[in-house]
$ cat entry-v9.txt   # compact mmCIF, C-alpha atoms and all ligand atoms
# COMPACT_ATOMS: atom_id res chain seq x y z
CA MET A 68 -12.82 -38.13 -16.30
CA VAL A 69 -12.45 -34.37 -16.09
CA ARG A 70 -15.20 -34.29 -13.48
CA LEU A 71 -13.44 -36.99 -11.49
CA ILE A 72 -10.22 -34.96 -11.49
CA HIS A 73 -12.16 -31.91 -10.32
CA LEU A 74 -13.79 -33.98 -7.58
CA ILE A 75 -10.44 -35.32 -6.39
CA GLY A 76 -9.05 -31.79 -6.52
CA ALA A 77 -11.96 -30.51 -4.46
CA ILE A 78 -11.45 -33.24 -1.85
CA ILE A 79 -7.73 -32.47 -1.64
CA LEU A 80 -8.57 -28.79 -1.28
CA LEU A 81 -11.12 -29.49 1.43
CA PHE A 82 -8.66 -31.51 3.49
CA SER A 83 -5.77 -29.15 2.95
CA TYR A 84 -7.99 -26.23 3.92
CA ALA A 85 -8.98 -27.93 7.14
CA TYR A 86 -5.39 -28.92 7.79
CA CYS A 87 -3.97 -25.47 7.33
CA GLY A 88 -6.75 -23.43 8.78
CA LEU A 89 -5.83 -20.88 6.17
CA SER A 90 -7.82 -18.71 3.88
CA ARG A 91 -7.44 -20.42 0.56
CA LEU A 92 -8.48 -19.77 -2.97
CA ASN A 93 -11.11 -22.14 -4.24
CA GLU A 94 -10.81 -21.63 -7.93
CA HIS A 95 -8.36 -21.19 -10.69
CA ASP A 96 -8.61 -17.80 -12.15
CA ILE A 97 -7.03 -15.40 -14.51
CA GLU A 98 -7.19 -11.68 -14.15
CA GLU A 99 -6.54 -9.23 -16.88
CA SER A 100 -6.38 -5.51 -16.64
CA TYR A 101 -5.26 -2.74 -18.86
CA SER A 102 -2.96 -0.04 -17.73
CA HIS A 103 -1.02 2.35 -19.89
CA LYS A 104 -1.98 0.14 -22.83
CA ARG A 105 0.10 -2.66 -21.42
CA VAL A 106 -1.73 -5.80 -20.56
CA LYS A 107 -1.30 -6.90 -16.99
CA ARG A 108 -2.31 -10.38 -16.06
CA GLN A 109 -2.63 -11.71 -12.60
CA PHE A 110 -3.05 -15.39 -12.03
CA GLU A 111 -4.66 -16.87 -9.00
CA ARG A 112 -4.19 -20.48 -8.17
CA LEU A 113 -4.37 -22.80 -5.26
CA GLY A 114 -1.69 -21.57 -2.94
CA THR A 115 -0.44 -21.65 0.56
CA LYS A 116 1.39 -19.21 2.71
CA TRP A 117 5.11 -19.30 2.23
CA SER A 118 6.47 -22.03 4.45
CA TYR A 119 7.86 -20.53 7.68
CA GLY A 120 7.26 -17.09 6.14
CA VAL A 121 10.32 -17.48 3.93
CA VAL A 122 10.07 -16.35 0.31
CA ASN A 123 12.70 -18.09 -1.78
CA TYR A 124 13.47 -16.32 -5.02
CA TYR A 125 15.87 -16.16 -7.91
CA TYR A 126 16.42 -14.01 -10.94
CA ALA A 127 15.84 -15.65 -14.31
CA ASP A 128 17.55 -12.89 -16.26
CA LYS A 129 19.45 -9.62 -15.93
CA ASN A 130 18.40 -5.99 -15.67
CA ASN A 131 20.40 -4.12 -13.06
CA GLU A 132 18.06 -1.16 -12.78
CA ILE A 133 14.97 -3.30 -12.16
CA LYS A 134 16.92 -5.67 -9.92
CA GLU A 135 17.80 -2.72 -7.69
CA MET A 136 14.10 -1.89 -7.36
CA VAL A 137 13.24 -5.53 -6.61
CA GLU A 138 15.89 -5.63 -3.88
CA SER A 139 14.51 -2.38 -2.41
CA ALA A 140 10.99 -3.84 -2.41
CA ILE A 141 12.26 -7.00 -0.70
CA ALA A 142 14.13 -4.94 1.89
CA TYR A 143 11.06 -2.81 2.55
CA ILE A 144 8.84 -5.83 3.26
CA ALA A 145 11.56 -7.52 5.33
CA ASN A 146 12.05 -4.36 7.40
CA HIS A 147 8.37 -4.14 8.33
CA THR A 148 7.27 -7.78 8.67
CA CYS A 149 8.50 -11.19 9.79
CA ILE A 150 8.67 -12.31 6.14
CA ARG A 151 12.19 -13.32 5.19
CA PHE A 152 13.63 -13.49 1.68
CA ASN A 153 16.20 -16.01 0.61
CA GLU A 154 17.87 -16.05 -2.81
CA ASP A 155 17.86 -19.76 -3.70
CA GLN A 156 17.20 -21.13 -7.15
CA ASN A 157 16.93 -24.68 -5.83
CA ALA A 158 14.45 -24.17 -3.01
CA VAL A 159 11.37 -26.37 -3.34
CA GLN A 160 9.01 -23.40 -2.97
CA ARG A 161 10.27 -20.42 -4.90
CA VAL A 162 9.48 -17.41 -7.06
CA GLN A 163 11.22 -16.86 -10.35
CA ILE A 164 11.70 -13.15 -11.04
CA ARG A 165 11.75 -12.22 -14.70
CA MET A 166 12.97 -8.75 -15.61
CA GLN A 167 13.05 -9.13 -19.38
CA GLN A 168 10.46 -10.18 -21.95
CA ASN A 169 6.74 -9.63 -21.52
CA TRP A 170 6.18 -5.98 -20.88
CA LEU A 171 4.27 -6.82 -17.74
CA CYS A 172 4.01 -6.30 -14.01
CA GLN A 173 2.23 -9.30 -12.55
CA SER A 174 2.28 -12.10 -10.04
CA THR A 175 0.25 -15.07 -8.95
CA VAL A 176 -1.92 -14.60 -5.86
CA GLY A 177 -0.74 -16.99 -3.18
CA ALA A 178 2.47 -18.93 -2.69
CA PRO A 179 3.23 -21.98 -4.84
CA GLY A 180 2.18 -25.36 -3.53
CA MET A 181 -0.99 -27.35 -3.08
CA SER A 182 -1.19 -27.35 0.70
CA MET A 183 0.66 -26.49 3.87
CA SER A 184 2.10 -29.99 3.86
CA LYS A 185 3.20 -29.67 0.23
CA PRO A 186 4.68 -26.23 -0.22
CA ILE A 187 6.31 -27.21 -3.48
CA GLY A 188 6.43 -25.32 -6.71
CA GLU A 189 7.53 -22.21 -8.54
CA LEU A 190 5.66 -19.10 -9.51
CA SER A 191 6.78 -16.49 -11.98
CA MET A 192 6.77 -12.82 -11.17
CA LEU A 193 7.12 -10.52 -14.16
CA VAL A 194 8.44 -7.11 -13.25
CA GLN A 195 9.67 -5.50 -16.45
CA SER A 196 6.96 -2.83 -16.48
CA CYS A 197 6.84 -2.27 -12.71
CA ASP A 198 7.91 1.35 -12.57
CA THR A 199 8.16 1.90 -8.83
CA ILE A 200 9.31 0.02 -5.75
CA GLY A 201 5.69 0.19 -4.57
CA SER A 202 4.56 -1.64 -7.72
CA ILE A 203 6.95 -4.46 -6.88
CA VAL A 204 5.77 -4.51 -3.25
CA HIS A 205 2.28 -4.82 -4.79
CA GLU A 206 3.37 -7.92 -6.74
CA PHE A 207 5.11 -9.54 -3.77
CA SER A 208 1.99 -8.83 -1.71
CA HIS A 209 0.04 -10.87 -4.29
CA SER A 210 2.52 -13.72 -3.97
CA LEU A 211 2.18 -13.52 -0.19
CA GLY A 212 -1.58 -13.93 -0.62
CA ARG A 213 -3.16 -10.47 -0.83
CA PHE A 214 -5.86 -9.58 -3.34
CA HIS A 215 -6.49 -6.10 -4.67
CA GLU A 216 -8.00 -3.65 -2.22
CA HIS A 217 -10.81 -2.77 -4.66
CA THR A 218 -11.91 -6.42 -4.71
CA ARG A 219 -12.39 -6.79 -0.96
CA PRO A 220 -15.85 -8.17 -0.19
CA ASP A 221 -16.64 -5.01 1.79
CA ARG A 222 -15.53 -2.64 -0.96
CA ASP A 223 -19.10 -1.51 -1.79
CA ASN A 224 -19.17 0.27 1.56
CA PHE A 225 -16.44 2.55 0.21
CA MET A 226 -16.70 2.51 -3.57
CA LYS A 227 -19.28 2.58 -6.34
CA VAL A 228 -18.08 0.00 -8.84
CA THR A 229 -20.01 -0.01 -12.11
CA THR A 230 -17.57 -1.89 -14.29
CA THR A 231 -18.55 -5.47 -14.98
CA VAL A 232 -15.09 -6.66 -15.89
CA HIS A 233 -14.36 -10.02 -14.40
CA GLU A 234 -11.27 -9.00 -12.47
CA ALA A 235 -13.02 -6.18 -10.59
CA ARG A 236 -15.53 -8.48 -8.90
CA PRO A 237 -15.34 -8.87 -5.13
CA ARG A 238 -13.03 -11.60 -3.97
CA PRO A 239 -13.48 -14.04 -1.11
CA SER A 240 -12.96 -12.99 2.49
CA GLY A 241 -9.99 -14.36 4.28
CA MET A 242 -6.80 -12.77 3.14
CA THR A 243 -8.60 -9.71 1.78
CA THR A 244 -10.35 -8.61 4.97
CA MET A 245 -10.20 -9.15 8.70
CA TYR A 246 -6.61 -7.98 8.79
CA GLY A 247 -7.11 -4.24 8.72
CA PRO A 248 -9.41 -1.51 7.44
CA PHE A 249 -10.28 -0.85 3.80
CA GLU A 250 -7.85 1.77 2.55
CA HIS A 251 -8.21 3.86 -0.60
CA GLY A 252 -4.50 4.67 -0.48
CA SER A 253 -3.37 1.04 -0.26
CA VAL A 254 -0.57 -0.06 -2.56
CA MET A 255 -3.02 -2.84 -3.59
CA MET A 256 -5.61 -0.40 -5.00
CA TYR A 257 -5.99 0.42 -8.69
CA HIS A 258 -6.72 3.96 -9.80
CA ALA A 259 -10.41 4.79 -10.11
CA ASP A 260 -10.53 5.00 -13.92
CA THR A 261 -8.59 1.81 -14.64
CA TYR A 262 -11.57 0.16 -16.33
CA GLY A 263 -13.08 3.34 -17.77
CA PRO A 264 -13.80 6.84 -16.45
CA GLY A 265 -15.78 6.77 -13.23
CA THR A 266 -16.27 3.01 -13.17
CA MET A 267 -14.57 2.50 -9.80
CA ASP A 268 -15.22 5.78 -8.02
CA PRO A 269 -14.89 6.09 -4.27
CA LEU A 270 -18.07 7.06 -2.38
CA ASP A 271 -16.01 9.86 -0.85
CA MET A 272 -14.81 11.60 -4.01
CA ASP A 273 -12.07 13.32 -2.04
CA TYR A 274 -10.32 9.96 -2.31
CA LYS A 275 -10.47 9.65 -6.11
CA GLN A 276 -6.92 10.87 -6.74
CA THR A 277 -5.62 8.77 -3.85
CA MET A 278 -6.55 5.49 -5.52
CA GLY A 279 -3.61 4.03 -7.40
CA ASN A 280 -1.01 5.69 -5.22
CA ARG A 281 2.10 3.55 -4.92
CA ARG A 282 3.50 4.59 -1.58
CA VAL A 283 3.45 1.57 0.72
CA THR A 284 1.14 2.28 3.65
CA PHE A 285 1.36 1.45 7.33
CA TYR A 286 -1.67 -0.82 6.97
CA ASP A 287 -0.24 -2.58 3.88
CA MET A 288 2.52 -4.01 6.05
CA TYR A 289 0.27 -4.46 9.08
CA LYS A 290 -2.07 -6.69 7.05
CA ILE A 291 0.79 -8.96 5.99
CA ASN A 292 1.90 -9.26 9.61
CA GLN A 293 -1.63 -10.14 10.66
CA TYR A 294 -2.07 -12.68 7.88
CA TYR A 295 1.21 -14.43 8.63
CA GLY A 296 0.79 -14.20 12.39
CA CYS A 297 3.94 -12.11 12.80
CA TRP A 298 4.21 -10.89 16.37
CA CYS A 299 6.92 -10.35 18.95
CA SER A 300 6.66 -12.16 22.28
CA LYS A 301 7.51 -8.97 24.15
CA GLN A 302 5.57 -5.84 23.22
CA LEU A 303 7.21 -2.44 23.41
CA GLU A 304 5.32 0.64 24.52
CA CYS A 305 5.01 2.06 21.04
CA LYS A 306 3.41 5.51 20.82
CA ASN A 307 1.07 7.14 18.32
CA GLY A 308 -0.46 3.93 17.00
CA GLY A 309 2.79 2.05 16.36
CA TYR A 310 3.31 -1.61 17.19
CA THR A 311 6.35 -3.73 17.97
CA SER A 312 8.00 -4.54 14.65
CA PRO A 313 8.01 -8.27 13.88
CA SER A 314 11.08 -7.56 11.76
CA ASP A 315 13.06 -6.36 14.77
CA CYS A 316 11.38 -6.68 18.15
CA SER A 317 13.55 -3.92 19.65
CA ARG A 318 11.75 -1.18 17.72
CA CYS A 319 8.27 -0.24 16.57
CA ASN A 320 6.62 0.01 13.16
CA CYS A 321 5.39 3.60 13.13
CA PRO A 322 2.53 5.34 11.30
CA LYS A 323 3.78 7.84 8.74
CA GLY A 324 5.11 10.99 10.37
CA PHE A 325 6.33 9.30 13.55
CA PHE A 326 9.91 8.22 14.02
CA GLY A 327 12.33 6.68 16.51
CA ASN A 328 12.28 3.26 18.13
CA LEU A 329 9.04 4.04 19.96
CA CYS A 330 7.35 6.29 17.35
CA ASP A 331 7.63 9.25 19.71
CA GLU A 332 10.00 11.34 17.63
CA ARG A 333 9.55 13.68 14.72
CA GLN A 334 11.46 13.77 11.48
CA GLN A 335 14.75 15.60 11.66
CA ASP A 336 14.72 18.66 9.41
CA SER A 337 10.93 18.74 9.51
CA TYR A 338 8.80 21.87 9.61
CA GLU A 339 7.18 22.66 12.95
CA LEU A 340 4.47 25.30 12.82
CA MET A 341 2.37 26.82 15.57
CA ALA A 342 -1.20 27.90 14.89
CA VAL A 343 -1.25 30.82 17.30
CA ASN A 344 -4.90 31.89 16.99
CA ASN A 345 -7.91 31.81 14.71
CA LEU A 346 -6.38 34.09 12.09
CA TRP A 347 -5.04 32.38 9.00
CA GLN A 348 -1.27 32.17 8.63
CA SER A 349 0.22 31.32 5.24
CA ILE A 350 3.43 29.49 4.34
CA THR A 351 5.15 27.96 1.31
CA ILE A 352 7.17 24.80 1.85
CA PRO A 353 9.50 23.25 -0.75
CA PHE A 354 9.95 19.51 -1.13
CA ALA A 355 11.65 17.00 -3.44
CA TYR A 356 12.95 13.48 -3.55
CA LYS A 357 16.24 12.60 -1.97
CA PRO A 358 17.67 9.12 -1.48
CA GLU A 359 16.93 7.52 1.85
CA PRO A 360 17.98 4.01 2.89
CA GLY A 361 15.07 1.64 3.34
CA SER A 362 12.50 3.82 1.59
CA ASP A 363 9.72 2.74 -0.76
CA GLY A 364 11.13 5.01 -3.44
CA PHE A 365 9.44 8.16 -2.17
CA TYR A 366 10.92 10.78 0.11
CA SER A 367 8.55 12.58 2.43
CA THR A 368 8.95 15.95 4.09
CA PHE A 369 6.76 16.25 7.17
CA VAL A 370 5.08 19.36 8.54
CA TYR A 371 3.73 19.35 12.10
CA ILE A 372 1.12 21.97 12.97
CA THR A 373 0.36 22.44 16.63
CA GLY A 374 -2.56 24.46 17.99
CA LYS A 375 -4.11 25.19 21.36
CA ALA A 376 -5.01 22.08 23.36
CA ASN A 377 -8.36 20.58 22.35
CA SER A 378 -8.75 22.97 19.43
CA THR A 379 -9.48 22.10 15.82
CA ILE A 380 -6.74 22.78 13.31
CA GLU A 381 -7.91 24.00 9.92
CA ILE A 382 -5.77 23.87 6.80
CA THR A 383 -6.56 24.98 3.27
CA LEU A 384 -4.34 24.76 0.22
CA GLU A 385 -3.52 27.87 -1.78
CA GLY A 386 -1.08 26.66 -4.40
CA LEU A 387 0.86 23.71 -5.75
CA GLN A 388 4.05 24.32 -7.65
CA ASP A 389 5.45 21.62 -9.92
CA VAL A 390 3.20 18.98 -8.42
CA ILE A 391 2.20 16.60 -11.18
CA CYS A 392 -1.51 15.85 -11.56
CA THR A 393 -1.87 12.13 -12.33
CA ALA A 394 -4.41 9.45 -11.52
CA GLY A 395 -3.18 8.18 -8.19
CA CYS A 396 -0.87 11.16 -7.58
CA THR A 397 1.90 8.77 -8.46
CA VAL A 398 4.81 11.21 -8.70
CA ASN A 399 4.37 13.68 -5.85
CA GLY A 400 1.61 15.11 -3.73
CA VAL A 401 0.31 16.45 -0.45
CA GLU A 402 -1.47 14.46 2.25
CA ILE A 403 -3.03 16.35 5.15
CA LYS A 404 -3.57 13.71 7.81
CA PHE A 405 -6.95 14.82 9.16
CA LYS A 406 -8.76 11.46 9.29
CA GLU A 407 -9.75 10.28 12.74
CA ASP A 408 -7.59 7.17 12.28
CA SER A 409 -4.21 8.81 11.94
CA LYS A 410 -2.72 5.52 10.71
CA ILE A 411 -4.83 5.41 7.55
CA THR A 412 -4.07 7.30 4.33
CA SER A 413 -6.01 10.59 4.15
CA PRO A 414 -7.09 11.99 0.74
CA VAL A 415 -4.06 12.95 -1.32
CA VAL A 416 -3.83 16.15 -3.37
CA CYS A 417 -1.87 16.60 -6.60
CA CYS A 418 -4.39 18.41 -8.85
CA THR A 419 -5.63 21.97 -8.37
CA ASP A 420 -8.78 21.37 -10.44
CA LYS A 421 -10.07 18.33 -8.59
CA PRO A 422 -11.25 17.54 -5.07
CA PRO A 423 -10.07 17.78 -2.37
CA TYR A 424 -7.88 20.75 -3.36
CA LYS A 425 -10.37 23.42 -2.30
CA ASN A 426 -11.41 21.80 0.97
CA VAL A 427 -10.93 23.31 4.37
CA PHE A 428 -9.37 20.32 6.12
CA LYS A 429 -10.44 20.12 9.76
CA SER A 430 -8.38 18.03 12.12
CA SER A 431 -8.63 17.18 15.79
CA HIS A 432 -5.06 15.84 15.79
CA ASN A 433 -2.62 17.99 17.69
CA PRO A 434 -0.21 18.20 16.06
CA THR A 435 -1.75 17.68 12.64
CA ILE A 436 0.73 16.20 10.21
CA ILE A 437 1.13 17.13 6.55
CA GLU A 438 3.16 14.76 4.38
CA LEU A 439 4.77 16.15 1.23
CA TYR A 440 6.01 13.20 -0.77
CA SER A 441 7.93 12.92 -4.00
CA ARG A 442 9.84 10.46 -6.14
CA THR A 443 11.30 13.13 -8.39
CA THR A 444 14.25 15.38 -7.70
CA LEU A 445 12.31 18.13 -9.46
CA PRO A 446 11.78 20.77 -6.75
CA SER A 447 8.12 21.21 -5.84
CA ALA A 448 6.36 23.41 -3.32
CA VAL A 449 3.04 23.74 -1.59
CA THR A 450 1.45 26.91 -0.22
CA PHE A 451 -1.23 26.58 2.42
CA LYS A 452 -2.79 28.53 5.26
CA TYR A 453 -3.62 27.27 8.70
CA ARG A 454 -5.22 28.32 11.97
CA PHE A 455 -6.99 26.82 14.93
CA THR A 456 -10.61 27.22 15.97
CA ASN A 457 -12.57 26.11 18.99
CA ASP A 458 -15.15 24.38 16.79
CA LYS A 459 -15.31 20.67 17.24
CA VAL A 460 -14.60 18.47 14.24
CA VAL A 461 -17.73 16.73 13.04
CA LEU A 462 -16.60 13.25 12.23
CA GLY A 463 -18.18 11.81 9.14
ZN ZN B 1 -2.22 -6.49 -8.75
$ encode --input "entry-v9.txt" --output "structure tokens"
Amino acid sequence: MVRLIHLIGAIILLFSYAYCGLSRLNEHDIEESYSHKRVKRQFERLGTKWSYGVVNYYYADKNNEIKEMVESAIAYIANHTCIRFNEDQNAVQRVQIRMQQNWLCQSTVGAPGMSMSKPIGELSMLVQSCDTIGSIVHEFSHSLGRFHEHTRPDRDNFMKVTTTVHEARPRPSGMTTMYGPFEHGSVMMYHADTYGPGTMDPLDMDYKQTMGNRRVTFYDMYKINQYYGCWCSKQLECKNGGYTSPSDCSRCNCPKGFFGNLCDERQQDSYELMAVNNLWQSITIPFAYKPEPGSDGFYSTFVYITGKANSTIEITLEGLQDVICTAGCTVNGVEIKFKEDSKITSPVVCCTDKPPYKNVFKSSHNPTIIELYSRTTLPSAVTFKYRFTNDKVVLG
């Protein structure tokens, strides 16, 4: 009898898969992980995309502080994608948000429902232990269909995973790949020591501290747009790698460090430095959190370093003041955007005794952007030196 039910289920799945043309989960699954001694569980089940890209939700209980973070996470996703959120307890496809009980931060992967033609059901999202807006964006990304970044099927090209825990195994293609590059700094990535020291190290150890960061990246939102087919009929001429925002087709979604409707502006009150020659110049720049509408809970101060045309800009760190060294640099940190793809997260620095603190960062970007981010009002500062050279960057 049980086999018969499984067979019927498999047939339904097969037809619904063909009908939807979607990437679908093909198994029931339970994930468990351990973080800060709190058990996190993540359930996967047969799911669909949210019908018409609308996430219906309601709150099952009260906690004003967490509710404010949930609303910020919702606003962040809505401002960068075509996903819409609708508070409706009676919708046929909905998420129940629980802010009390179960000291957890978890969500099902995939929207409720058995198929595109039957988007009916409710999933529970538990957010009591989600401590940042990014953590809640992480959970909503699960409910929208995204797996963890460290379980992408191509992850072994970027990481050396030695843990054998069930939940760290590679997941199916579909919603995990094809929608953008693997990113160590993704909001969907766990920190490298989650399952034990060194059991999920990046191949490029400069990225170790970056894993587990909870800023929401440009590609995190891009991947949701790709998965849900969010595009504007008229494309703007976005600059610097931006694309027309499916949230509002009159402006662009911009890579970090670029602003304005067309991503051709710099941050107001930013630091603009000129590397005048090949002699090192040194500077200390303060930074701290300040409230900003529409943010992911972090405030970033941007530094733009310009050098001679076609030169290489070199930057090396000399000191961090009141920057907190944590796995994932989760409070504040420094990101020198030297990677060839300026849209992807470069290695983040928050520890003076770990890579990539002592690196000489070489960048062919002119200007090269440094992002100083923080979610604490505690004043921090970074000291670094910079110059330009005529050496060409060797891309690795
Ligand atoms: Zn997760």
$ residues_near_ligand --input "entry-v9.txt" --ligand "ligand ZN 1 (chain B)" --cutoff "8 Å" --atoms "all atoms listed in the file" --output "PDB file with C-alpha atoms, in the coordinates of the input"
ATOM      1  CA  GLN A 109      -2.630 -11.710 -12.600  1.00  0.00           C
ATOM      2  CA  GLN A 173       2.230  -9.300 -12.550  1.00  0.00           C
ATOM      3  CA  SER A 174       2.280 -12.100 -10.040  1.00  0.00           C
ATOM      4  CA  HIS A 205       2.280  -4.820  -4.790  1.00  0.00           C
ATOM      5  CA  GLU A 206       3.370  -7.920  -6.740  1.00  0.00           C
ATOM      6  CA  HIS A 209       0.040 -10.870  -4.290  1.00  0.00           C
ATOM      7  CA  PHE A 214      -5.860  -9.580  -3.340  1.00  0.00           C
ATOM      8  CA  HIS A 215      -6.490  -6.100  -4.670  1.00  0.00           C
ATOM      9  CA  MET A 255      -3.020  -2.840  -3.590  1.00  0.00           C
ATOM     10  CA  MET A 256      -5.610  -0.400  -5.000  1.00  0.00           C
ATOM     11  CA  TYR A 257      -5.990   0.420  -8.690  1.00  0.00           C
TER      12      TYR A 257
END
$ atom_distance --input "entry-v9.txt" --atom1 "atom CA of Val343 of chain A" --atom2 "atom CA of Ala376 of chain A"
11.3 Å
$ residues_near_point --input "entry-v9.txt" --point "(11.4, -2.7, -11.7)" --cutoff "9 Å" --atoms "all atoms listed in the file" --output "PyMOL selection string"
chain A and resi 130+132-137+166+172+194-200+202-203
$ closest_residue --input "entry-v9.txt" --among "A:Asp389, A:Gly324, A:Gly374, A:Leu439" --to "Phe354 of chain A" --atoms "only C-alpha atoms"
A:Leu439
$ residues_around --input "entry-v9.txt" --residues "Ile352 of chain A" --least-positions-apart "6" --cutoff "8 Å" --atoms "all atoms listed in the file" --output "count of residues only"
3
$ residues_around --input "entry-v9.txt" --residues "Val398 of chain A" --least-positions-apart "3" --cutoff "9 Å" --atoms "only C-alpha atoms" --output "list of chain:residue names"
A:Asn280, A:Arg281, A:Phe365, A:Val390, A:Ile391, A:Cys392, A:Thr393, A:Gly395, A:Cys417, A:Tyr440, A:Ser441, A:Arg442, A:Thr443
$ residues_around --input "entry-v9.txt" --residues "Thr277 of chain A" --least-positions-apart "4" --cutoff "6 Å" --atoms "only C-alpha atoms" --output "number ranges by chain"
A: 252, 395, 414-415
$ atom_distance --input "entry-v9.txt" --atom1 "atom CA of Arg213 of chain A" --atom2 "atom CA of Ile164 of chain A"
18.2 Å
$ closest_residue --input "entry-v9.txt" --among "A:Leu384, A:Leu329, A:Leu193, A:Leu270" --to "Arg222 of chain A" --atoms "all atoms listed in the file"
A:Leu270
$ atom_distance --input "entry-v9.txt" --atom1 "atom CA of Glu234 of chain A" --atom2 "atom CA of Ser208 of chain A"
17.1 Å
$ closest_residue --input "entry-v9.txt" --among "A:Ser362, A:Gly177, A:Met288, A:Tyr453" --to "Lys429 of chain A" --atoms "all atoms listed in the file"
A:Tyr453
$ residues_near_point --input "entry-v9.txt" --point "(20.6, -19.8, -2.5)" --cutoff "9 Å" --atoms "all atoms listed in the file" --output "JSON list (two decimals) with C-alpha atoms, in the frame of the given file"
[["chain", "number", "residue", "atom", "x", "y", "z"],
["A", 123, "ASN", "CA", 12.70, -18.09, -1.78],
["A", 124, "TYR", "CA", 13.47, -16.32, -5.02],
["A", 125, "TYR", "CA", 15.87, -16.16, -7.91],
["A", 153, "ASN", "CA", 16.20, -16.01, 0.61],
["A", 154, "GLU", "CA", 17.87, -16.05, -2.81],
["A", 155, "ASP", "CA", 17.86, -19.76, -3.70],
["A", 156, "GLN", "CA", 17.20, -21.13, -7.15],
["A", 157, "ASN", "CA", 16.93, -24.68, -5.83],
["A", 158, "ALA", "CA", 14.45, -24.17, -3.01]]
$ residues_around --input "entry-v9.txt" --residues "segment 407-411 of chain A" --least-positions-apart "3" --cutoff "8 Å" --atoms "only C-alpha atoms" --output "count of residues only"
12
$ closest_residue --input "entry-v9.txt" --among "A:Thr456, A:Thr175, A:Ser312, A:Asn224" --to "Asn146 of chain A" --atoms "all atoms listed in the file"
A:Ser312
$ closest_residue --input "entry-v9.txt" --among "A:Arg333, A:His233, A:Arg454, A:Lys406" --to "Asp273 of chain A" --atoms "all atoms listed in the file"
A:Lys406
$ closest_residue --input "entry-v9.txt" --among "A:Asp336, A:Glu359, A:Asp271, A:Asp260" --to "Tyr371 of chain A" --atoms "all atoms listed in the file"
A:Asp336
$ decode --input "entry-v9.txt" --residues "segment 151-155 of chain A" --atoms "all heavy atoms" --output "PDB file, in the first residue's frame"
ATOM      1  N   ARG A 151       6.134  39.812  -5.030  1.00  0.00           N
ATOM      2  CA  ARG A 151       5.266  40.701  -4.250  1.00  0.00           C
ATOM      3  C   ARG A 151       4.811  39.973  -2.989  1.00  0.00           C
ATOM      4  O   ARG A 151       4.643  38.753  -2.983  1.00  0.00           O
ATOM      5  CB  ARG A 151       4.045  41.124  -5.081  1.00  0.00           C
ATOM      6  CG  ARG A 151       4.430  42.059  -6.218  1.00  0.00           C
ATOM      7  CD  ARG A 151       4.897  43.425  -5.673  1.00  0.00           C
ATOM      8  NE  ARG A 151       5.583  44.231  -6.669  1.00  0.00           N
ATOM      9  CZ  ARG A 151       6.921  44.340  -6.764  1.00  0.00           C
ATOM     10  NH1 ARG A 151       7.702  43.678  -5.934  1.00  0.00           N
ATOM     11  NH2 ARG A 151       7.461  45.113  -7.667  1.00  0.00           N
ATOM     12  N   PHE A 152       4.618  40.723  -1.930  1.00  0.00           N
ATOM     13  CA  PHE A 152       4.206  40.147  -0.650  1.00  0.00           C
ATOM     14  C   PHE A 152       2.844  40.709  -0.276  1.00  0.00           C
ATOM     15  O   PHE A 152       2.585  41.906  -0.441  1.00  0.00           O
ATOM     16  CB  PHE A 152       5.240  40.472   0.432  1.00  0.00           C
ATOM     17  CG  PHE A 152       6.562  39.791   0.204  1.00  0.00           C
ATOM     18  CD1 PHE A 152       7.510  40.354  -0.648  1.00  0.00           C
ATOM     19  CD2 PHE A 152       6.849  38.575   0.808  1.00  0.00           C
ATOM     20  CE1 PHE A 152       8.725  39.717  -0.878  1.00  0.00           C
ATOM     21  CE2 PHE A 152       8.054  37.932   0.579  1.00  0.00           C
ATOM     22  CZ  PHE A 152       8.999  38.510  -0.260  1.00  0.00           C
ATOM     23  N   ASN A 153       2.011  39.832   0.240  1.00  0.00           N
ATOM     24  CA  ASN A 153       0.628  40.207   0.506  1.00  0.00           C
ATOM     25  C   ASN A 153       0.225  39.603   1.843  1.00  0.00           C
ATOM     26  O   ASN A 153       0.217  38.385   1.999  1.00  0.00           O
ATOM     27  CB  ASN A 153      -0.230  39.648  -0.644  1.00  0.00           C
ATOM     28  CG  ASN A 153      -1.686  39.953  -0.458  1.00  0.00           C
ATOM     29  OD1 ASN A 153      -2.044  41.047  -0.011  1.00  0.00           O
ATOM     30  ND2 ASN A 153      -2.541  38.989  -0.794  1.00  0.00           N
ATOM     31  N   GLU A 154      -0.076  40.459   2.828  1.00  0.00           N
ATOM     32  CA  GLU A 154      -0.461  39.927   4.133  1.00  0.00           C
ATOM     33  C   GLU A 154      -1.903  39.452   4.052  1.00  0.00           C
ATOM     34  O   GLU A 154      -2.823  40.253   3.883  1.00  0.00           O
ATOM     35  CB  GLU A 154      -0.281  40.990   5.235  1.00  0.00           C
ATOM     36  CG  GLU A 154      -0.426  40.392   6.615  1.00  0.00           C
ATOM     37  CD  GLU A 154       0.066  41.325   7.722  1.00  0.00           C
ATOM     38  OE1 GLU A 154       0.626  42.392   7.417  1.00  0.00           O
ATOM     39  OE2 GLU A 154      -0.122  40.971   8.912  1.00  0.00           O
ATOM     40  N   ASP A 155      -2.099  38.133   4.112  1.00  0.00           N
ATOM     41  CA  ASP A 155      -3.434  37.553   3.937  1.00  0.00           C
ATOM     42  C   ASP A 155      -3.477  36.165   4.581  1.00  0.00           C
ATOM     43  O   ASP A 155      -2.937  35.201   4.046  1.00  0.00           O
ATOM     44  CB  ASP A 155      -3.763  37.463   2.445  1.00  0.00           C
ATOM     45  CG  ASP A 155      -5.162  36.917   2.205  1.00  0.00           C
ATOM     46  OD1 ASP A 155      -5.850  36.555   3.183  1.00  0.00           O
ATOM     47  OD2 ASP A 155      -5.565  36.855   1.029  1.00  0.00           O
TER      48      ASP A 155
END
